[in-house]
file entry14.cif (mmCIF, C-alpha atoms)
data_target
#
loop_
_atom_site.group_PDB
_atom_site.id
_atom_site.type_symbol
_atom_site.label_atom_id
_atom_site.label_comp_id
_atom_site.auth_asym_id
_atom_site.auth_seq_id
_atom_site.Cartn_x
_atom_site.Cartn_y
_atom_site.Cartn_z
ATOM 1 C CA MET A 1 0.000 0.000 0.000
ATOM 2 C CA VAL A 2 2.841 2.370 0.854
ATOM 3 C CA GLU A 3 4.428 1.566 -2.505
ATOM 4 C CA ILE A 4 1.249 2.661 -4.310
ATOM 5 C CA VAL A 5 1.318 6.006 -2.525
ATOM 6 C CA ARG A 6 5.026 6.423 -3.321
ATOM 7 C CA ARG A 7 4.413 5.731 -6.990
ATOM 8 C CA MET A 8 1.509 8.165 -7.010
ATOM 9 C CA ALA A 9 3.624 10.959 -5.537
ATOM 10 C CA ALA A 10 6.364 10.327 -8.098
ATOM 11 C CA GLU A 11 4.068 10.578 -11.108
ATOM 12 C CA PRO A 12 4.808 13.586 -13.353
ATOM 13 C CA GLN A 13 1.111 14.048 -14.032
ATOM 14 C CA ASN A 14 -1.175 15.594 -11.458
ATOM 15 C CA LEU A 15 -2.951 12.579 -9.983
ATOM 16 C CA SER A 16 -4.014 14.457 -6.889
ATOM 17 C CA SER A 17 -3.884 17.950 -5.463
ATOM 18 C CA ARG A 18 -0.836 19.028 -3.459
ATOM 19 C CA ALA A 19 -3.000 19.464 -0.389
ATOM 20 C CA ALA A 20 -4.377 15.944 -0.783
ATOM 21 C CA MET A 21 -0.910 14.456 -1.246
ATOM 22 C CA ALA A 22 0.264 16.202 1.906
ATOM 23 C CA ASN A 23 -2.404 14.255 3.825
ATOM 24 C CA VAL A 24 -2.565 11.220 1.590
ATOM 25 C CA VAL A 25 -3.107 8.678 4.363
ATOM 26 C CA ASP A 26 -6.211 10.449 5.659
ATOM 27 C CA VAL A 27 -7.514 11.882 2.420
ATOM 28 C CA HIS A 28 -7.049 8.862 0.183
ATOM 29 C CA LEU A 29 -6.141 5.678 2.017
ATOM 30 C CA ALA A 30 -8.383 6.081 5.046
ATOM 31 C CA ASP A 31 -11.214 7.305 2.856
ATOM 32 C CA SER A 32 -10.909 4.203 0.686
ATOM 33 C CA LEU A 33 -10.388 1.723 3.511
ATOM 34 C CA SER A 34 -13.335 3.044 5.493
ATOM 35 C CA SER A 35 -15.701 1.443 2.975
ATOM 36 C CA LEU A 36 -14.630 -2.023 4.144
ATOM 37 C CA ALA A 37 -16.979 -1.507 7.085
ATOM 38 C CA LEU A 38 -19.862 -1.889 4.634
ATOM 39 C CA PRO A 39 -21.040 -5.461 3.971
ATOM 40 C CA GLN A 40 -21.699 -4.505 0.358
ATOM 41 C CA ILE A 41 -17.952 -3.903 -0.062
ATOM 42 C CA ARG A 42 -16.549 -6.422 2.401
ATOM 43 C CA ASP A 43 -18.601 -9.304 0.971
ATOM 44 C CA ALA A 44 -18.504 -8.252 -2.679
ATOM 45 C CA THR A 45 -17.900 -10.858 -5.370
ATOM 46 C CA GLY A 46 -16.801 -8.227 -7.877
ATOM 47 C CA ILE A 47 -16.362 -4.453 -7.996
ATOM 48 C CA ALA A 48 -16.250 -1.857 -10.754
ATOM 49 C CA ASP A 49 -14.819 1.483 -9.681
ATOM 50 C CA LEU A 50 -15.901 4.384 -11.883
ATOM 51 C CA GLY A 51 -13.551 7.296 -12.433
ATOM 52 C CA SER A 52 -10.700 5.525 -10.661
ATOM 53 C CA GLY A 53 -8.200 8.364 -11.177
ATOM 54 C CA GLY A 54 -5.180 7.781 -8.948
ATOM 55 C CA GLY A 55 -6.498 4.412 -7.770
ATOM 56 C CA PHE A 56 -8.672 5.450 -4.851
ATOM 57 C CA PRO A 57 -10.775 3.626 -3.822
ATOM 58 C CA GLY A 58 -10.609 0.958 -6.529
ATOM 59 C CA LEU A 59 -6.957 -0.066 -6.386
ATOM 60 C CA VAL A 60 -6.928 0.024 -2.587
ATOM 61 C CA LEU A 61 -9.970 -2.254 -2.459
ATOM 62 C CA ALA A 62 -8.370 -4.607 -4.973
ATOM 63 C CA ILE A 63 -5.321 -4.927 -2.730
ATOM 64 C CA MET A 64 -7.438 -5.530 0.357
ATOM 65 C CA LEU A 65 -9.778 -7.982 -1.405
ATOM 66 C CA PRO A 66 -7.376 -10.022 -3.554
ATOM 67 C CA GLU A 67 -9.838 -12.865 -4.173
ATOM 68 C CA ILE A 68 -12.362 -10.777 -6.106
ATOM 69 C CA PRO A 69 -12.096 -9.180 -9.559
ATOM 70 C CA VAL A 70 -11.890 -5.393 -9.543
ATOM 71 C CA THR A 71 -12.392 -3.309 -12.680
ATOM 72 C CA LEU A 72 -10.923 0.191 -12.653
ATOM 73 C CA VAL A 73 -12.722 2.434 -15.153
ATOM 74 C CA GLU A 74 -10.874 5.602 -16.156
ATOM 75 C CA SER A 75 -11.469 7.513 -19.385
ATOM 76 C CA GLU A 76 -8.500 9.886 -19.086
ATOM 77 C CA GLY A 77 -5.628 8.208 -20.907
ATOM 78 C CA ARG A 78 -2.745 9.304 -18.686
ATOM 79 C CA LYS A 79 -4.530 8.226 -15.530
ATOM 80 C CA ALA A 80 -5.511 4.926 -17.108
ATOM 81 C CA ASP A 81 -1.848 4.367 -18.021
ATOM 82 C CA TRP A 82 -0.852 5.058 -14.421
ATOM 83 C CA LEU A 83 -3.455 2.588 -13.159
ATOM 84 C CA SER A 84 -2.161 -0.086 -15.524
ATOM 85 C CA ARG A 85 1.382 0.386 -14.219
ATOM 86 C CA ALA A 86 0.325 0.488 -10.586
ATOM 87 C CA ALA A 87 -1.877 -2.585 -10.929
ATOM 88 C CA ALA A 88 0.626 -4.690 -12.867
ATOM 89 C CA ASP A 89 1.405 -6.851 -9.832
ATOM 90 C CA PHE A 90 -2.235 -7.497 -8.915
ATOM 91 C CA PRO A 91 -3.843 -10.238 -11.030
ATOM 92 C CA ASN A 92 -7.359 -9.445 -9.805
ATOM 93 C CA VAL A 93 -7.282 -5.944 -11.349
ATOM 94 C CA ARG A 94 -8.471 -4.996 -14.809
ATOM 95 C CA VAL A 95 -8.082 -1.442 -16.113
ATOM 96 C CA VAL A 96 -10.626 -0.190 -18.642
ATOM 97 C CA ALA A 97 -9.401 2.946 -20.399
ATOM 98 C CA ASP A 98 -12.841 4.062 -21.512
ATOM 99 C CA ARG A 99 -15.989 5.743 -20.321
ATOM 100 C CA SER A 100 -18.382 3.809 -18.111
ATOM 101 C CA GLU A 101 -21.149 4.277 -20.687
ATOM 102 C CA SER A 102 -19.111 2.280 -23.200
ATOM 103 C CA LEU A 103 -18.362 -0.450 -20.673
ATOM 104 C CA ALA A 104 -22.060 -0.701 -19.789
ATOM 105 C CA ARG A 105 -22.991 -1.241 -23.421
ATOM 106 C CA ASP A 106 -20.516 -4.125 -23.663
ATOM 107 C CA GLU A 107 -20.985 -5.628 -20.180
ATOM 108 C CA ARG A 108 -24.485 -4.659 -19.127
ATOM 109 C CA GLY A 109 -25.608 -6.116 -15.800
ATOM 110 C CA SER A 110 -22.211 -7.640 -15.055
ATOM 111 C CA GLN A 111 -21.085 -5.979 -11.818
ATOM 112 C CA PRO A 112 -22.211 -6.994 -8.308
ATOM 113 C CA VAL A 113 -20.911 -3.718 -6.832
ATOM 114 C CA VAL A 114 -20.124 -0.348 -8.365
ATOM 115 C CA THR A 115 -18.150 2.258 -6.432
ATOM 116 C CA ALA A 116 -17.624 5.932 -7.196
ATOM 117 C CA ARG A 117 -15.692 8.595 -5.301
ATOM 118 C CA ALA A 118 -15.605 12.285 -6.287
ATOM 119 C CA LEU A 119 -17.225 11.484 -9.615
ATOM 120 C CA GLY A 120 -20.044 14.027 -9.715
ATOM 121 C CA PRO A 121 -23.579 14.774 -8.502
ATOM 122 C CA LEU A 122 -25.389 11.752 -7.139
ATOM 123 C CA PRO A 123 -27.980 11.433 -9.960
ATOM 124 C CA VAL A 124 -25.124 11.400 -12.476
ATOM 125 C CA VAL A 125 -23.270 8.682 -10.556
ATOM 126 C CA MET A 126 -26.474 6.653 -10.307
ATOM 127 C CA GLU A 127 -27.100 6.807 -14.046
ATOM 128 C CA LEU A 128 -23.567 5.679 -14.846
ATOM 129 C CA ALA A 129 -23.704 2.834 -12.337
ATOM 130 C CA ALA A 130 -27.179 1.379 -12.820
ATOM 131 C CA PRO A 131 -26.702 -0.245 -16.252
ATOM 132 C CA LEU A 132 -23.578 -2.044 -15.013
ATOM 133 C CA LEU A 133 -25.152 -3.532 -11.902
ATOM 134 C CA THR A 134 -26.429 -7.079 -11.604
ATOM 135 C CA ASP A 135 -29.933 -7.635 -10.230
ATOM 136 C CA GLY A 136 -29.641 -7.039 -6.494
ATOM 137 C CA GLY A 137 -26.264 -5.372 -6.917
ATOM 138 C CA SER A 138 -25.169 -2.320 -4.977
ATOM 139 C CA LEU A 139 -23.925 1.157 -5.770
ATOM 140 C CA VAL A 140 -21.710 2.628 -3.049
ATOM 141 C CA ALA A 141 -21.143 6.333 -3.650
ATOM 142 C CA TRP A 142 -18.728 8.392 -1.529
ATOM 143 C CA ARG A 143 -20.416 11.665 -0.599
ATOM 144 C CA GLY A 144 -19.139 14.757 1.174
ATOM 145 C CA ARG A 145 -22.380 16.067 2.598
ATOM 146 C CA ARG A 146 -25.900 14.937 3.334
ATOM 147 C CA ASP A 147 -27.697 15.259 0.037
ATOM 148 C CA THR A 148 -29.502 11.954 -0.521
ATOM 149 C CA VAL A 149 -32.781 12.188 1.332
ATOM 150 C CA SER A 150 -33.119 15.920 0.701
ATOM 151 C CA ASP A 151 -32.279 15.646 -2.988
ATOM 152 C CA PRO A 152 -35.467 14.913 -4.964
ATOM 153 C CA ALA A 153 -33.382 14.472 -8.124
ATOM 154 C CA ALA A 154 -31.626 11.452 -6.596
ATOM 155 C CA ILE A 155 -34.916 9.840 -5.619
ATOM 156 C CA ALA A 156 -36.351 10.538 -9.082
ATOM 157 C CA ALA A 157 -33.218 9.149 -10.713
ATOM 158 C CA GLY A 158 -33.495 5.990 -8.638
ATOM 159 C CA ALA A 159 -37.086 5.476 -9.740
ATOM 160 C CA ALA A 160 -36.091 5.880 -13.390
ATOM 161 C CA LEU A 161 -33.072 3.583 -13.134
ATOM 162 C CA GLY A 162 -34.397 0.724 -11.020
ATOM 163 C CA LEU A 163 -32.405 1.728 -7.938
ATOM 164 C CA ILE A 164 -33.734 2.026 -4.403
ATOM 165 C CA HIS A 165 -31.987 3.906 -1.619
ATOM 166 C CA SER A 166 -30.683 1.385 0.906
ATOM 167 C CA GLY A 167 -29.422 4.001 3.324
ATOM 168 C CA ASP A 168 -26.598 6.352 4.204
ATOM 169 C CA VAL A 169 -23.670 5.252 6.340
ATOM 170 C CA ASP A 170 -21.305 7.658 8.063
ATOM 171 C CA ALA A 171 -17.578 7.215 7.559
ATOM 172 C CA TYR A 172 -15.732 8.050 10.760
ATOM 173 C CA SER A 173 -12.187 7.298 9.684
ATOM 174 C CA ILE A 174 -11.168 10.860 8.815
ATOM 175 C CA PRO A 175 -11.198 13.261 11.778
ATOM 176 C CA GLY A 176 -12.783 16.586 10.957
ATOM 177 C CA VAL A 177 -13.980 15.506 7.504
ATOM 178 C CA SER A 178 -17.673 15.079 6.783
ATOM 179 C CA ARG A 179 -18.013 11.941 4.694
ATOM 180 C CA TYR A 180 -20.662 9.296 4.193
ATOM 181 C CA PHE A 181 -21.615 6.508 1.817
ATOM 182 C CA SER A 182 -24.846 6.623 -0.132
ATOM 183 C CA VAL A 183 -25.881 3.030 -0.824
ATOM 184 C CA TRP A 184 -28.350 2.035 -3.552
ATOM 185 C CA THR A 185 -29.639 -1.402 -4.564
ATOM 186 C CA LYS A 186 -30.565 -2.562 -8.063
ATOM 187 C CA ALA A 187 -34.123 -3.640 -7.297
ATOM 188 C CA GLY A 188 -35.748 -3.124 -10.691
ATOM 189 C CA ILE A 189 -35.042 -3.037 -14.389
ATOM 190 C CA THR A 190 -32.814 -0.322 -15.794
ATOM 191 C CA PRO A 191 -34.459 0.688 -19.088
ATOM 192 C CA GLU A 192 -32.554 -0.138 -22.248
ATOM 193 C CA ARG A 193 -32.217 3.550 -23.075
ATOM 194 C CA PHE A 194 -29.567 3.712 -20.357
ATOM 195 C CA PRO A 195 -26.731 4.313 -20.617
ATOM 196 C CA ARG A 196 -27.294 7.377 -22.722
ATOM 197 C CA ARG A 197 -24.491 8.437 -25.008
ATOM 198 C CA PRO A 198 -21.253 9.555 -23.299
ATOM 199 C CA GLY A 199 -21.541 12.829 -21.412
ATOM 200 C CA MET A 200 -25.328 13.056 -21.408
ATOM 201 C CA ALA A 201 -25.701 12.023 -17.775
ATOM 202 C CA ALA A 202 -23.770 15.117 -16.691
ATOM 203 C CA LYS A 203 -25.065 17.408 -19.409
ATOM 204 C CA ARG A 204 -28.738 16.555 -18.870
ATOM 205 C CA PRO A 205 -29.088 14.926 -15.444
ATOM 206 C CA LEU A 206 -32.195 12.955 -14.638
ATOM 207 C CA SER A 207 -34.733 14.830 -12.526
#
call {"tool": "encode", "arguments": {"input": "entry14.cif", "output": "structure tokens"}}
result
Amino acid sequence: MVEIVRRMAAEPQNLSSRAAMANVVDVHLADSLSSLALPQIRDATGIADLGSGGGFPGLVLAIMLPEIPVTLVESEGRKADWLSRAAADFPNVRVVADRSESLARDERGSQPVVTARALGPLPVVMELAAPLLTDGGSLVAWRGRRDTVSDPAAIAAGAALGLIHSGDVDAYSIPGVSRYFSVWTKAGITPERFPRRPGMAAKRPLS
């Protein structure tokens, strides 16, 4: 794990902000590891991490859960290259250098768990995740403030996508940082019109 952080700091590209790198254990590692308290993560039989970036949480979870396949989805080429190098020694990791919408078209309904950290507004994350999830699968979304219950767009998005809100779970591993997990379950059918073409989820969010 320390080696991953060392490699990340040595990368010439900007994988993380300077402030985040200065507190990498709390900001990245602890934030990723805290999700292991969730049964959806701890007992997962497969995970797809959307927008994996520098490898948090996806690569960390792959290291901690070596018996399950973990797919790291990253559309930015340089970051995908970094992930491929960093994951070279971990046979349970697959790096997909593409958008999640493209992966969902090829592997619809294939993922027991989808994770997303710092990817965007919750309805956008939900739309990207839902087509990938198996029936009964779970979306675990890292969130920085309480916006699930009070956000009618998230509830409306769930109804459109076949997702139900399974609850919010506080993450206590980072002192002074407000963080929680928004957990959604694939309880219905995601219509075939999803995923929409790349970029549409962010450009025209469901409401």
call {"tool": "residues_around", "arguments": {"input": "entry14.cif", "residues": "Pro131 in chain A", "least_positions_apart": "6", "cutoff": "7 Å", "atoms": "only C-alpha atoms", "output": "list in words"}}
result
Ala104, Arg108, Gly109, Thr190, Phe194 and Pro195 of chain A
call {"tool": "resolve_selection", "arguments": {"input": "entry14.cif", "expression": "the PyMOL selection byres ((chain A and resi 183-186) around 10)", "output": "ChimeraX atom specification"}}
result
/A:38,40,109,112-115,126,129-142,148,158,161-169,180-182,187-190
call {"tool": "atom_distance", "arguments": {"input": "entry14.cif", "atom1": "CA of Leu65 in chain A", "atom2": "CA of Arg94 in chain A"}}
result
13.8 Å
call {"tool": "residues_around", "arguments": {"input": "entry14.cif", "residues": "Pro91 in chain A", "least_positions_apart": "5", "cutoff": "12 Å", "atoms": "all atoms listed in the file", "output": "PyMOL selection string"}}
result
chain A and resi 59+62-63+65-71+84+86
call {"tool": "atom_distance", "arguments": {"input": "entry14.cif", "atom1": "CA of Ala97 in chain A", "atom2": "CA of Pro57 in chain A"}}
result
16.6 Å
call {"tool": "atom_distance", "arguments": {"input": "entry14.cif", "atom1": "CA of Gly54 in chain A", "atom2": "CA of Leu206 in chain A"}}
result
28.1 Å
call {"tool": "residues_around", "arguments": {"input": "entry14.cif", "residues": "Arg42 in chain A", "least_positions_apart": "6", "cutoff": "10 Å", "atoms": "all atoms listed in the file", "output": "count of residues only"}}
result
5
call {"tool": "closest_residue", "arguments": {"input": "entry14.cif", "among": "A:Val124, A:Val93, A:Met200, A:Val73", "to": "Ala156 in chain A", "atoms": "only C-alpha atoms"}}
result
A:Val124
call {"tool": "closest_residue", "arguments": {"input": "entry14.cif", "among": "A:Arg99, A:Lys203, A:Arg117, A:Arg196", "to": "Ala80 in chain A", "atoms": "only C-alpha atoms"}}
result
A:Arg99
call {"tool": "closest_residue", "arguments": {"input": "entry14.cif", "among": "A:Gly58, A:Gly77, A:Gly120, A:Gly51", "to": "His28 in chain A", "atoms": "only C-alpha atoms"}}
result
A:Gly58
call {"tool": "closest_residue", "arguments": {"input": "entry14.cif", "among": "A:Ala171, A:Leu29, A:Ala48, A:Ala160", "to": "Leu103 in chain A", "atoms": "all atoms listed in the file"}}
result
A:Ala48
call {"tool": "closest_residue", "arguments": {"input": "entry14.cif", "among": "A:Pro191, A:Phe56, A:Arg179, A:Gly144", "to": "Ala159 in chain A", "atoms": "all atoms listed in the file"}}
result
A:Pro191
call {"tool": "closest_residue", "arguments": {"input": "entry14.cif", "among": "A:Pro152, A:Glu101, A:Asp106, A:Ser178", "to": "Ala202 in chain A", "atoms": "all atoms listed in the file"}}
result
A:Glu101
